[in-house]
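Asker: Handing you a structure now.
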Amino acid sequence: MGVIAAGLAVSTSLSVAHAASDTSMVVDAHLHCFAGPDDARFPYHQNAPYRPSQAATPEFLLERMDGAGVDHAIVVHPEPYQDDHRYLEHCIEVGKGRLKGTCLFFADQPDSLQRLPQFLRQHEEHIVATRLHAYAPGRLPPWGTPELDRLWSIATDAGVAMQIHLEPRYAERLDPYIRRYRETQVIIDHLGRPMQGTPEEHAVVLRWSELPNTVMKLAAIPDQNKYPHRDVKPVVRRLAELWGAERLIYGGGFNAESTDASYRQYRQQIAQILPAFSDEDRSKVLGGNAARLFGFDT
């Protein structure tokens with residue numbers, strides 16, 4: 001049984017505590033680690049869509065977690081490494097139980113898809129999801145193919161989640177898969193990217209709240225001072241209303257330049273824009289739900 005399937009079977013009891021306190025478990029469900037361009041052991045892939053110039057190592061991450069009061073974290077395998085997971089494996093090893101990860105395999109690449117089942121078996125306790133990008137031309141899945149169905153089937157059989165990173169314009173194409181594979185936990189990244197689509201396009205994402213297998217991730221909170229200059233607070237309140245405190249998780253705030261203070265402040269900002277949740281519900285969003293879903297010891 002995979003981490004997600006096992007986590008869903010565990011009931012979590014959380015103490016009532018304020019969202020920004022250190023008395024409840026905190027789980028950052030979304031961050032990236034990079035070895036940087038100077039570490040020859042972990043080169044960026046030849047097809048990398050971007051190449052970070054600074055390292056953000058798991059050692060640095062663990063220091064910031066300690067300083068910011070983060071108990072556990074999910075290392076989301078980033079696109080610069082494509083389906084080469086050696087650095088993710090390194091991060092999990094360094095994390096010594098505090099870190100788990102997501103993986104990235106491609107349905108339109110036969111060799112990649114064939115390697116996915118073995119990878120998930122090998123890392124059964126450490127991989128919580130396989131990520132699917134539907135984000136900009138050139139970073140799209142092969143719509144309507146048996147291979148894309150195979151990707152979802154592999155995730156379902158392994159008991160891991162399908163983690164979706166999408167622009168809202170592609171939500172209609174993803175909708176049949178989310179509804180067809182109702183046994184598969186679906187994690188929606190970055191609020192469903194509301195600022196990168198029209199309200200009508202994002203409305204498709206909002207309808208997924210009706211499906212109990214979906215979880216919304218509060219991450220990559222847009223800056224109102226940048227284009228398109230839309231206030232994100234009403235969006236977050238709407239997501240919280242639709243998904244409820246039981247199906248929201250948070251992530252973000254860590255990068256190569258993070259400090260203990262900035263990492264903690266990001267989490268506090270998310271807590272502040274949540275609606276009138278109780279302290280217990282805020283604790284669920286900031287850690288309790290992710291601990292249950294991803295199998296961290298509560």
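Residue numbering restarts at 1 for every chain of the structure tokens, chains are lettered A, B, ... in their displayed order, and ligands are numbered from 1 as they appear.
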Please provide as number ranges by chain all residues within 12 Å of Thr156 in chain A, with the sequence filter that same-chain residues fewer than 2 positions apart are discarded (counting only C-alpha atoms).
Answerer: A: 1-5, 117, 120, 128-130, 149-154, 158-162, 177-178, 180-186, 213
Asker: Please dump the current selection as a compact mmCIF listing (two decimals), in the first residue's frame; keep C-alpha atoms.
Answerer:
# COMPACT_ATOMS: atom_id res chain seq x y z
CA MET A 1 0.00 0.00 0.00
CA GLY A 2 1.38 3.44 -0.97
CA VAL A 3 1.92 6.36 1.36
CA ILE A 4 -1.28 8.17 0.32
CA ALA A 5 -3.44 5.06 0.66
CA PRO A 117 6.04 1.31 -11.41
CA LEU A 120 7.27 3.62 -6.88
CA VAL A 128 3.67 10.47 -2.11
CA ALA A 129 2.66 11.56 -5.62
CA THR A 130 3.56 11.64 -9.27
CA ASP A 149 -4.54 6.67 -18.83
CA ARG A 150 -1.69 4.33 -17.98
CA LEU A 151 -0.02 7.06 -15.93
CA TRP A 152 -3.17 7.53 -13.85
CA SER A 153 -3.61 3.77 -13.50
CA ILE A 154 -0.07 3.33 -12.21
CA ALA A 158 0.53 2.21 -6.23
CA GLY A 159 -1.70 4.23 -3.89
CA VAL A 160 0.06 7.51 -4.60
CA ALA A 161 -1.56 10.80 -5.55
CA MET A 162 -1.68 12.53 -8.89
CA TYR A 177 -9.38 12.00 -15.87
CA ILE A 178 -10.08 13.40 -12.40
CA ARG A 180 -12.75 8.76 -14.13
CA TYR A 181 -10.06 7.92 -11.55
CA ARG A 182 -12.04 8.69 -8.43
CA GLU A 183 -9.96 6.30 -6.34
CA THR A 184 -6.87 8.36 -7.04
CA GLN A 185 -6.07 11.20 -4.67
CA VAL A 186 -5.66 14.40 -6.69
CA ASN A 213 -10.65 12.67 -3.83
Asker: Write out as a count of residues only the set of residues from range 20-211 of chain A that DSSP, computed on the backbone, places in strand (DSSP E or B).
Answerer: 34
Asker: Counting only C-alpha atoms, what is within 12 Å of Pro58 in chain A, bar same-chain residues fewer than 3 positions away, as a PDB file with N, CA, C and O atoms, in the first residue's frame?
Answerer:
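Saved to out_39.pdb:
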ATOM      1  N   LEU A  31       7.912  22.304  -1.888  1.00  0.00           N
ATOM      2  CA  LEU A  31       9.161  23.040  -2.051  1.00  0.00           C
ATOM      3  C   LEU A  31      10.037  22.297  -3.052  1.00  0.00           C
ATOM      4  O   LEU A  31       9.822  21.123  -3.348  1.00  0.00           O
ATOM      5  N   HIS A  32      11.020  23.010  -3.585  1.00  0.00           N
ATOM      6  CA  HIS A  32      11.975  22.424  -4.526  1.00  0.00           C
ATOM      7  C   HIS A  32      13.381  22.511  -3.941  1.00  0.00           C
ATOM      8  O   HIS A  32      13.732  23.496  -3.287  1.00  0.00           O
ATOM      9  N   CYS A  33      14.168  21.485  -4.216  1.00  0.00           N
ATOM     10  CA  CYS A  33      15.594  21.502  -3.888  1.00  0.00           C
ATOM     11  C   CYS A  33      16.402  21.377  -5.171  1.00  0.00           C
ATOM     12  O   CYS A  33      16.001  20.658  -6.102  1.00  0.00           O
ATOM     13  N   PHE A  34      17.551  22.065  -5.217  1.00  0.00           N
ATOM     14  CA  PHE A  34      18.432  22.037  -6.379  1.00  0.00           C
ATOM     15  C   PHE A  34      19.872  21.887  -5.912  1.00  0.00           C
ATOM     16  O   PHE A  34      20.286  22.541  -4.950  1.00  0.00           O
ATOM     17  N   ALA A  35      20.617  21.054  -6.612  1.00  0.00           N
ATOM     18  CA  ALA A  35      22.044  20.929  -6.298  1.00  0.00           C
ATOM     19  C   ALA A  35      22.828  22.129  -6.797  1.00  0.00           C
ATOM     20  O   ALA A  35      23.928  22.397  -6.313  1.00  0.00           O
ATOM     21  N   GLY A  36      22.259  22.839  -7.760  1.00  0.00           N
ATOM     22  CA  GLY A  36      22.958  23.972  -8.347  1.00  0.00           C
ATOM     23  C   GLY A  36      23.789  23.548  -9.545  1.00  0.00           C
ATOM     24  O   GLY A  36      24.029  22.352  -9.773  1.00  0.00           O
ATOM     25  N   ALA A  55      22.092  26.959  -5.574  1.00  0.00           N
ATOM     26  CA  ALA A  55      21.746  25.699  -4.920  1.00  0.00           C
ATOM     27  C   ALA A  55      20.748  25.953  -3.796  1.00  0.00           C
ATOM     28  O   ALA A  55      20.788  26.988  -3.121  1.00  0.00           O
ATOM     29  N   LEU A  61      17.789  23.276   3.605  1.00  0.00           N
ATOM     30  CA  LEU A  61      16.370  23.168   3.900  1.00  0.00           C
ATOM     31  C   LEU A  61      16.129  22.760   5.350  1.00  0.00           C
ATOM     32  O   LEU A  61      15.309  23.373   6.054  1.00  0.00           O
ATOM     33  N   LEU A  62      16.809  21.736   5.811  1.00  0.00           N
ATOM     34  CA  LEU A  62      16.604  21.258   7.175  1.00  0.00           C
ATOM     35  C   LEU A  62      16.963  22.325   8.204  1.00  0.00           C
ATOM     36  O   LEU A  62      16.299  22.442   9.243  1.00  0.00           O
ATOM     37  N   GLU A  63      17.978  23.115   7.924  1.00  0.00           N
ATOM     38  CA  GLU A  63      18.318  24.220   8.820  1.00  0.00           C
ATOM     39  C   GLU A  63      17.186  25.231   8.894  1.00  0.00           C
ATOM     40  O   GLU A  63      16.820  25.715   9.970  1.00  0.00           O
ATOM     41  N   ARG A  64      16.625  25.566   7.721  1.00  0.00           N
ATOM     42  CA  ARG A  64      15.530  26.539   7.703  1.00  0.00           C
ATOM     43  C   ARG A  64      14.274  25.947   8.349  1.00  0.00           C
ATOM     44  O   ARG A  64      13.513  26.664   9.008  1.00  0.00           O
ATOM     45  N   MET A  65      14.027  24.667   8.147  1.00  0.00           N
ATOM     46  CA  MET A  65      12.889  24.040   8.803  1.00  0.00           C
ATOM     47  C   MET A  65      13.021  24.130  10.309  1.00  0.00           C
ATOM     48  O   MET A  65      12.060  24.459  11.016  1.00  0.00           O
ATOM     49  N   ALA A  73       8.420  17.997   5.396  1.00  0.00           N
ATOM     50  CA  ALA A  73       8.233  18.690   4.126  1.00  0.00           C
ATOM     51  C   ALA A  73       8.198  17.692   2.980  1.00  0.00           C
ATOM     52  O   ALA A  73       8.744  16.589   3.071  1.00  0.00           O
ATOM     53  N   ILE A  74       7.553  18.120   1.901  1.00  0.00           N
ATOM     54  CA  ILE A  74       7.489  17.358   0.659  1.00  0.00           C
ATOM     55  C   ILE A  74       8.377  18.050  -0.365  1.00  0.00           C
ATOM     56  O   ILE A  74       8.128  19.204  -0.731  1.00  0.00           O
ATOM     57  N   VAL A  75       9.409  17.348  -0.827  1.00  0.00           N
ATOM     58  CA  VAL A  75      10.285  17.866  -1.879  1.00  0.00           C
ATOM     59  C   VAL A  75       9.641  17.517  -3.210  1.00  0.00           C
ATOM     60  O   VAL A  75       9.587  16.346  -3.596  1.00  0.00           O
ATOM     61  N   TYR A  87      18.770  13.272  -7.539  1.00  0.00           N
ATOM     62  CA  TYR A  87      18.873  14.309  -6.502  1.00  0.00           C
ATOM     63  C   TYR A  87      17.719  14.212  -5.512  1.00  0.00           C
ATOM     64  O   TYR A  87      17.892  14.455  -4.315  1.00  0.00           O
ATOM     65  N   LEU A  88      16.537  13.842  -5.974  1.00  0.00           N
ATOM     66  CA  LEU A  88      15.429  13.624  -5.057  1.00  0.00           C
ATOM     67  C   LEU A  88      15.764  12.504  -4.075  1.00  0.00           C
ATOM     68  O   LEU A  88      15.495  12.615  -2.869  1.00  0.00           O
ATOM     69  N   GLU A  89      16.337  11.424  -4.575  1.00  0.00           N
ATOM     70  CA  GLU A  89      16.733  10.323  -3.690  1.00  0.00           C
ATOM     71  C   GLU A  89      17.757  10.797  -2.672  1.00  0.00           C
ATOM     72  O   GLU A  89      17.711  10.399  -1.496  1.00  0.00           O
ATOM     73  N   HIS A  90      18.667  11.656  -3.103  1.00  0.00           N
ATOM     74  CA  HIS A  90      19.652  12.227  -2.185  1.00  0.00           C
ATOM     75  C   HIS A  90      18.957  13.061  -1.105  1.00  0.00           C
ATOM     76  O   HIS A  90      19.288  12.951   0.088  1.00  0.00           O
ATOM     77  N   CYS A  91      17.989  13.863  -1.489  1.00  0.00           N
ATOM     78  CA  CYS A  91      17.268  14.696  -0.524  1.00  0.00           C
ATOM     79  C   CYS A  91      16.551  13.840   0.516  1.00  0.00           C
ATOM     80  O   CYS A  91      16.587  14.132   1.726  1.00  0.00           O
ATOM     81  N   ILE A  92      15.886  12.794   0.060  1.00  0.00           N
ATOM     82  CA  ILE A  92      15.161  11.924   0.985  1.00  0.00           C
ATOM     83  C   ILE A  92      16.121  11.251   1.959  1.00  0.00           C
ATOM     84  O   ILE A  92      15.832  11.129   3.157  1.00  0.00           O
ATOM     85  N   GLU A  93      17.280  10.826   1.460  1.00  0.00           N
ATOM     86  CA  GLU A  93      18.272  10.200   2.335  1.00  0.00           C
ATOM     87  C   GLU A  93      18.778  11.186   3.378  1.00  0.00           C
ATOM     88  O   GLU A  93      18.879  10.847   4.566  1.00  0.00           O
ATOM     89  N   VAL A  94      19.077  12.398   2.966  1.00  0.00           N
ATOM     90  CA  VAL A  94      19.563  13.417   3.902  1.00  0.00           C
ATOM     91  C   VAL A  94      18.482  13.763   4.926  1.00  0.00           C
ATOM     92  O   VAL A  94      18.767  14.031   6.092  1.00  0.00           O
ATOM     93  N   GLY A  95      17.216  13.730   4.499  1.00  0.00           N
ATOM     94  CA  GLY A  95      16.124  14.116   5.378  1.00  0.00           C
ATOM     95  C   GLY A  95      15.877  13.182   6.538  1.00  0.00           C
ATOM     96  O   GLY A  95      15.269  13.574   7.531  1.00  0.00           O
ATOM     97  N   LYS A  96      16.302  11.948   6.433  1.00  0.00           N
ATOM     98  CA  LYS A  96      16.194  10.973   7.530  1.00  0.00           C
ATOM     99  C   LYS A  96      14.782  10.932   8.129  1.00  0.00           C
ATOM    100  O   LYS A  96      14.590  11.002   9.349  1.00  0.00           O
ATOM    101  N   ARG A  98      12.286  13.092   7.739  1.00  0.00           N
ATOM    102  CA  ARG A  98      11.565  14.362   7.789  1.00  0.00           C
ATOM    103  C   ARG A  98      11.079  14.796   6.408  1.00  0.00           C
ATOM    104  O   ARG A  98      10.176  15.628   6.304  1.00  0.00           O
ATOM    105  N   LEU A  99      11.675  14.237   5.354  1.00  0.00           N
ATOM    106  CA  LEU A  99      11.347  14.628   3.994  1.00  0.00           C
ATOM    107  C   LEU A  99      10.794  13.449   3.206  1.00  0.00           C
ATOM    108  O   LEU A  99      11.294  12.328   3.321  1.00  0.00           O
ATOM    109  N   LYS A 100       9.767  13.707   2.438  1.00  0.00           N
ATOM    110  CA  LYS A 100       9.295  12.784   1.416  1.00  0.00           C
ATOM    111  C   LYS A 100       9.253  13.554   0.101  1.00  0.00           C
ATOM    112  O   LYS A 100       9.583  14.744   0.062  1.00  0.00           O
ATOM    113  N   GLY A 101       8.872  12.878  -0.986  1.00  0.00           N
ATOM    114  CA  GLY A 101       8.955  13.551  -2.268  1.00  0.00           C
ATOM    115  C   GLY A 101       7.854  13.171  -3.229  1.00  0.00           C
ATOM    116  O   GLY A 101       7.092  12.227  -3.014  1.00  0.00           O
ATOM    117  N   PHE A 254      10.073  28.406   0.880  1.00  0.00           N
ATOM    118  CA  PHE A 254      11.485  28.019   0.903  1.00  0.00           C
ATOM    119  C   PHE A 254      12.103  28.215  -0.470  1.00  0.00           C
ATOM    120  O   PHE A 254      11.525  27.841  -1.494  1.00  0.00           O
ATOM    121  N   ASN A 255      13.294  28.795  -0.484  1.00  0.00           N
ATOM    122  CA  ASN A 255      14.115  28.871  -1.697  1.00  0.00           C
ATOM    123  C   ASN A 255      15.562  29.089  -1.275  1.00  0.00           C
ATOM    124  O   ASN A 255      15.877  29.056  -0.077  1.00  0.00           O
ATOM    125  N   ALA A 256      16.422  29.292  -2.238  1.00  0.00           N
ATOM    126  CA  ALA A 256      17.854  29.391  -1.956  1.00  0.00           C
ATOM    127  C   ALA A 256      18.208  30.579  -1.088  1.00  0.00           C
ATOM    128  O   ALA A 256      19.292  30.597  -0.472  1.00  0.00           O
TER     129      ALA A 256
END
Asker: What lies within 8 Å of Gly69 in chain A using only C-alpha atoms, ignoring chain neighbours under 3 positions off, as a PyMOL selection string?
Answerer: chain A and resi 22+26+65-66+264
Asker: Counting only C-alpha atoms, figure out which residue out of A:Asp157, A:Gln268, A:Asp223, A:His190 gets nearest to Arg121 in chain A.
Answerer: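 Once distances to Arg121 in chain A are computed over only C-alpha atoms, the minimum belongs to A:Asp157.
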Asker: Env of range 195-203 of chain A: 7 Å cut, atoms = only C-alpha atoms, seq-sep filter 4 positions within chain, self excluded. Answer as a PyMOL selection string.
Answerer: chain A and resi 167-169+207+228
Asker: Please save N, CA and C atoms of the selected residues as a PDB file, in the first residue's frame.
Answerer:
ATOM      1  N   GLU A 167      -2.374  25.290 -15.820  1.00  0.00           N
ATOM      2  CA  GLU A 167      -3.001  26.563 -16.108  1.00  0.00           C
ATOM      3  C   GLU A 167      -4.492  26.285 -16.302  1.00  0.00           C
ATOM      4  N   PRO A 168      -5.357  27.186 -15.836  1.00  0.00           N
ATOM      5  CA  PRO A 168      -6.801  26.903 -15.903  1.00  0.00           C
ATOM      6  C   PRO A 168      -7.324  26.607 -17.296  1.00  0.00           C
ATOM      7  N   ARG A 169      -6.656  27.092 -18.331  1.00  0.00           N
ATOM      8  CA  ARG A 169      -7.158  26.830 -19.687  1.00  0.00           C
ATOM      9  C   ARG A 169      -7.126  25.344 -20.035  1.00  0.00           C
ATOM     10  N   ARG A 207     -15.053  23.422  -9.543  1.00  0.00           N
ATOM     11  CA  ARG A 207     -16.027  22.327  -9.527  1.00  0.00           C
ATOM     12  C   ARG A 207     -15.424  21.021  -9.027  1.00  0.00           C
ATOM     13  N   PRO A 228      -1.440  39.958 -12.662  1.00  0.00           N
ATOM     14  CA  PRO A 228      -2.484  40.871 -13.129  1.00  0.00           C
ATOM     15  C   PRO A 228      -3.082  41.744 -12.030  1.00  0.00           C
TER      16      PRO A 228
END
Asker: One decimal, Å: what's the distance from CA of Tyr81 in chain A over to CA of Val205 in chain A, could you say?
Answerer: 28.0 Å
Asker: If you run DSSP on the backbone here, which positions in range 13-174 of chain A get alpha helix (DSSP H)? Please write them as an MDAnalysis selection string.
Answerer: chainID A and resid 58:68 86:95 110:122 146:158 171:174
Asker: Produce a file of the selected residues containing N, CA and C atoms, as a short mmCIF file (atom, residue, chain, number, x, y, z; two decimals), in the first residue's frame.
Answerer:
data_model
loop_
_atom_site.label_atom_id
_atom_site.label_comp_id
_atom_site.auth_asym_id
_atom_site.auth_seq_id
_atom_site.Cartn_x
_atom_site.Cartn_y
_atom_site.Cartn_z
N PRO A 58 19.19 20.04 0.51
CA PRO A 58 18.39 19.53 1.63
C PRO A 58 19.00 19.89 2.98
N GLU A 59 20.32 20.01 3.03
CA GLU A 59 20.95 20.42 4.29
C GLU A 59 20.51 21.84 4.67
N PHE A 60 20.50 22.73 3.69
CA PHE A 60 20.05 24.10 3.91
C PHE A 60 18.57 24.11 4.28
N LEU A 61 17.79 23.28 3.61
CA LEU A 61 16.37 23.17 3.90
C LEU A 61 16.13 22.76 5.35
N LEU A 62 16.81 21.74 5.81
CA LEU A 62 16.60 21.26 7.18
C LEU A 62 16.96 22.33 8.20
N GLU A 63 17.98 23.11 7.92
CA GLU A 63 18.32 24.22 8.82
C GLU A 63 17.19 25.23 8.89
N ARG A 64 16.62 25.57 7.72
CA ARG A 64 15.53 26.54 7.70
C ARG A 64 14.27 25.95 8.35
N MET A 65 14.03 24.67 8.15
CA MET A 65 12.89 24.04 8.80
C MET A 65 13.02 24.13 10.31
N ASP A 66 14.20 23.84 10.82
CA ASP A 66 14.42 23.93 12.26
C ASP A 66 14.18 25.35 12.76
N GLY A 67 14.69 26.33 12.01
CA GLY A 67 14.56 27.72 12.44
C GLY A 67 13.16 28.28 12.31
N ALA A 68 12.36 27.72 11.40
CA ALA A 68 11.01 28.25 11.15
C ALA A 68 9.92 27.39 11.76
N ARG A 86 17.83 11.19 -9.18
CA ARG A 86 18.95 10.96 -8.27
C ARG A 86 19.04 12.03 -7.18
N TYR A 87 18.77 13.27 -7.54
CA TYR A 87 18.87 14.31 -6.50
C TYR A 87 17.72 14.21 -5.51
N LEU A 88 16.54 13.84 -5.97
CA LEU A 88 15.43 13.62 -5.06
C LEU A 88 15.76 12.50 -4.08
N GLU A 89 16.34 11.42 -4.57
CA GLU A 89 16.73 10.32 -3.69
C GLU A 89 17.76 10.80 -2.67
N HIS A 90 18.67 11.66 -3.10
CA HIS A 90 19.65 12.23 -2.19
C HIS A 90 18.96 13.06 -1.11
N CYS A 91 17.99 13.86 -1.49
CA CYS A 91 17.27 14.70 -0.52
C CYS A 91 16.55 13.84 0.52
N ILE A 92 15.89 12.79 0.06
CA ILE A 92 15.16 11.92 0.99
C ILE A 92 16.12 11.25 1.96
N GLU A 93 17.28 10.83 1.46
CA GLU A 93 18.27 10.20 2.34
C GLU A 93 18.78 11.19 3.38
N VAL A 94 19.08 12.40 2.97
CA VAL A 94 19.56 13.42 3.90
C VAL A 94 18.48 13.76 4.93
N GLY A 95 17.22 13.73 4.50
CA GLY A 95 16.12 14.12 5.38
C GLY A 95 15.88 13.18 6.54
N PRO A 110 7.90 6.62 -23.68
CA PRO A 110 7.70 5.22 -23.29
C PRO A 110 8.69 4.72 -22.25
N ASP A 111 9.96 5.04 -22.38
CA ASP A 111 10.93 4.57 -21.40
C ASP A 111 10.65 5.13 -20.02
N SER A 112 10.21 6.39 -19.97
CA SER A 112 9.91 7.02 -18.70
C SER A 112 8.72 6.33 -18.02
N LEU A 113 7.65 6.13 -18.77
CA LEU A 113 6.45 5.52 -18.21
C LEU A 113 6.72 4.09 -17.74
N GLN A 114 7.54 3.36 -18.46
CA GLN A 114 7.85 1.98 -18.08
C GLN A 114 8.62 1.91 -16.77
N ARG A 115 9.39 2.92 -16.46
CA ARG A 115 10.20 2.91 -15.23
C ARG A 115 9.42 3.32 -14.00
N LEU A 116 8.26 3.93 -14.19
CA LEU A 116 7.52 4.46 -13.04
C LEU A 116 7.08 3.40 -12.03
N PRO A 117 6.47 2.27 -12.43
CA PRO A 117 6.04 1.31 -11.41
C PRO A 117 7.17 0.81 -10.52
N GLN A 118 8.32 0.51 -11.11
CA GLN A 118 9.44 0.03 -10.31
C GLN A 118 9.94 1.11 -9.37
N PHE A 119 9.98 2.34 -9.84
CA PHE A 119 10.42 3.45 -8.99
C PHE A 119 9.50 3.59 -7.77
N LEU A 120 8.20 3.49 -8.00
CA LEU A 120 7.27 3.62 -6.88
C LEU A 120 7.38 2.46 -5.91
N ARG A 121 7.60 1.27 -6.42
CA ARG A 121 7.81 0.12 -5.51
C ARG A 121 9.08 0.30 -4.70
N GLN A 122 10.12 0.77 -5.34
CA GLN A 122 11.40 0.95 -4.67
C GLN A 122 11.33 2.00 -3.56
N PRO A 146 -3.80 6.26 -24.63
CA PRO A 146 -3.72 5.19 -23.64
C PRO A 146 -2.59 5.41 -22.65
N GLU A 147 -1.54 6.07 -23.08
CA GLU A 147 -0.39 6.29 -22.20
C GLU A 147 -0.76 7.20 -21.03
N LEU A 148 -1.56 8.21 -21.28
CA LEU A 148 -1.95 9.09 -20.18
C LEU A 148 -2.85 8.35 -19.20
N ASP A 149 -3.75 7.52 -19.72
CA ASP A 149 -4.54 6.67 -18.83
C ASP A 149 -3.65 5.73 -18.03
N ARG A 150 -2.61 5.23 -18.67
CA ARG A 150 -1.69 4.33 -17.98
C ARG A 150 -1.00 5.05 -16.82
N LEU A 151 -0.64 6.30 -17.02
CA LEU A 151 -0.02 7.06 -15.93
C LEU A 151 -0.94 7.14 -14.72
N TRP A 152 -2.20 7.46 -14.95
CA TRP A 152 -3.17 7.53 -13.85
C TRP A 152 -3.37 6.16 -13.22
N SER A 153 -3.41 5.12 -14.04
CA SER A 153 -3.61 3.77 -13.50
C SER A 153 -2.46 3.33 -12.62
N ILE A 154 -1.24 3.68 -13.01
CA ILE A 154 -0.07 3.33 -12.21
C ILE A 154 -0.14 4.02 -10.86
N ALA A 155 -0.49 5.30 -10.86
CA ALA A 155 -0.62 6.01 -9.58
C ALA A 155 -1.70 5.38 -8.71
N THR A 156 -2.81 5.03 -9.32
CA THR A 156 -3.91 4.41 -8.57
C THR A 156 -3.48 3.08 -7.97
N ASP A 157 -2.84 2.25 -8.76
CA ASP A 157 -2.42 0.93 -8.29
C ASP A 157 -1.39 1.04 -7.16
N ALA A 158 -0.52 2.04 -7.24
CA ALA A 158 0.53 2.21 -6.23
C ALA A 158 0.03 2.93 -4.98
N ALA A 171 -7.92 22.97 -17.75
CA ALA A 171 -8.72 22.25 -16.76
C ALA A 171 -9.78 21.37 -17.42
N GLU A 172 -10.40 21.86 -18.49
CA GLU A 172 -11.43 21.08 -19.17
C GLU A 172 -10.88 19.75 -19.68
N ARG A 173 -9.64 19.76 -20.13
CA ARG A 173 -9.05 18.52 -20.64
C ARG A 173 -8.69 17.55 -19.51
N LEU A 174 -8.38 18.09 -18.35
CA LEU A 174 -8.05 17.23 -17.21
C LEU A 174 -9.30 16.69 -16.53
#
Asker: Give me the residues near Ala245 in chain A as a VMD selection string, where near means some atom within 6 Å (using only C-alpha atoms) and where sequence neighbours in that chain fewer than 2 positions away do not count.
Answerer: chain A and resid 247 to 248 281
Asker: Taking only C-alpha atoms into account, name the residue in A:Ala107, A:Leu239, A:Leu132, A:Val27 that is nearest to Pro78 in chain A.
Answerer: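 Looking at the shortest contact to Pro78 in chain A, the residue is A:Leu132.
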Asker: Which residues are close to Asn289 in chain A, i.e. within 9 Å by only C-alpha atoms, leaving aside same-chain residues fewer than 2 positions away? Reply as a list in words.
Answerer: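 So, after excluding close chain neighbours, the residues are Thr12, Val27, Ala245, Glu246, Arg247, Leu248, Ile249, Ser283, Lys284, Val285, Leu286, Gly287, Ala291, Arg292, Leu293 and Phe294 of chain A.
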Asker: I need the chosen residues saved as an mmCIF file, in the first residue's frame, with N, CA and C atoms.
Answerer:
data_model
loop_
_atom_site.group_PDB
_atom_site.id
_atom_site.type_symbol
_atom_site.label_atom_id
_atom_site.label_comp_id
_atom_site.auth_asym_id
_atom_site.auth_seq_id
_atom_site.Cartn_x
_atom_site.Cartn_y
_atom_site.Cartn_z
ATOM 1 N N THR A 12 -6.271 11.212 12.413
ATOM 2 C CA THR A 12 -5.309 12.097 13.035
ATOM 3 C C THR A 12 -5.968 12.895 14.130
ATOM 4 N N VAL A 27 3.637 20.971 8.314
ATOM 5 C CA VAL A 27 4.138 20.244 7.152
ATOM 6 C C VAL A 27 4.079 21.162 5.940
ATOM 7 N N ALA A 245 -11.786 22.901 5.706
ATOM 8 C CA ALA A 245 -10.532 22.770 6.440
ATOM 9 C C ALA A 245 -9.924 21.384 6.331
ATOM 10 N N GLU A 246 -10.739 20.382 6.015
ATOM 11 C CA GLU A 246 -10.248 19.000 5.975
ATOM 12 C C GLU A 246 -9.492 18.669 4.697
ATOM 13 N N ARG A 247 -9.653 19.491 3.627
ATOM 14 C CA ARG A 247 -9.040 19.138 2.340
ATOM 15 C C ARG A 247 -8.177 20.273 1.783
ATOM 16 N N LEU A 248 -7.591 21.050 2.674
ATOM 17 C CA LEU A 248 -6.630 22.078 2.301
ATOM 18 C C LEU A 248 -5.275 21.744 2.910
ATOM 19 N N ILE A 249 -4.209 21.965 2.148
ATOM 20 C CA ILE A 249 -2.853 21.866 2.665
ATOM 21 C C ILE A 249 -2.099 23.103 2.202
ATOM 22 N N SER A 283 -4.732 24.611 12.172
ATOM 23 C CA SER A 283 -3.680 23.625 12.409
ATOM 24 C C SER A 283 -3.765 22.468 11.426
ATOM 25 N N LYS A 284 -4.972 22.096 11.042
ATOM 26 C CA LYS A 284 -5.130 21.056 10.029
ATOM 27 C C LYS A 284 -4.531 21.503 8.700
ATOM 28 N N VAL A 285 -4.854 22.731 8.294
ATOM 29 C CA VAL A 285 -4.373 23.241 7.010
ATOM 30 C C VAL A 285 -2.858 23.342 6.989
ATOM 31 N N LEU A 286 -2.264 23.767 8.093
ATOM 32 C CA LEU A 286 -0.820 24.017 8.143
ATOM 33 C C LEU A 286 0.000 22.778 8.495
ATOM 34 N N GLY A 287 -0.645 21.647 8.632
ATOM 35 C CA GLY A 287 0.160 20.463 8.917
ATOM 36 C C GLY A 287 -0.610 19.182 9.150
ATOM 37 N N ALA A 291 0.078 15.732 7.184
ATOM 38 C CA ALA A 291 0.647 14.632 7.956
ATOM 39 C C ALA A 291 -0.164 13.362 7.765
ATOM 40 N N ARG A 292 -1.469 13.493 7.753
ATOM 41 C CA ARG A 292 -2.353 12.337 7.546
ATOM 42 C C ARG A 292 -2.234 11.795 6.131
ATOM 43 N N LEU A 293 -2.288 12.689 5.148
ATOM 44 C CA LEU A 293 -2.265 12.253 3.755
ATOM 45 C C LEU A 293 -0.944 11.597 3.383
ATOM 46 N N PHE A 294 0.144 12.155 3.879
ATOM 47 C CA PHE A 294 1.460 11.727 3.429
ATOM 48 C C PHE A 294 2.159 10.781 4.391
#
Asker: Have a look at CA of Arg193 in chain A and CA of Pro37 in chain A and let me know their distance in Å, one decimal.
Answerer: 28.7 Å
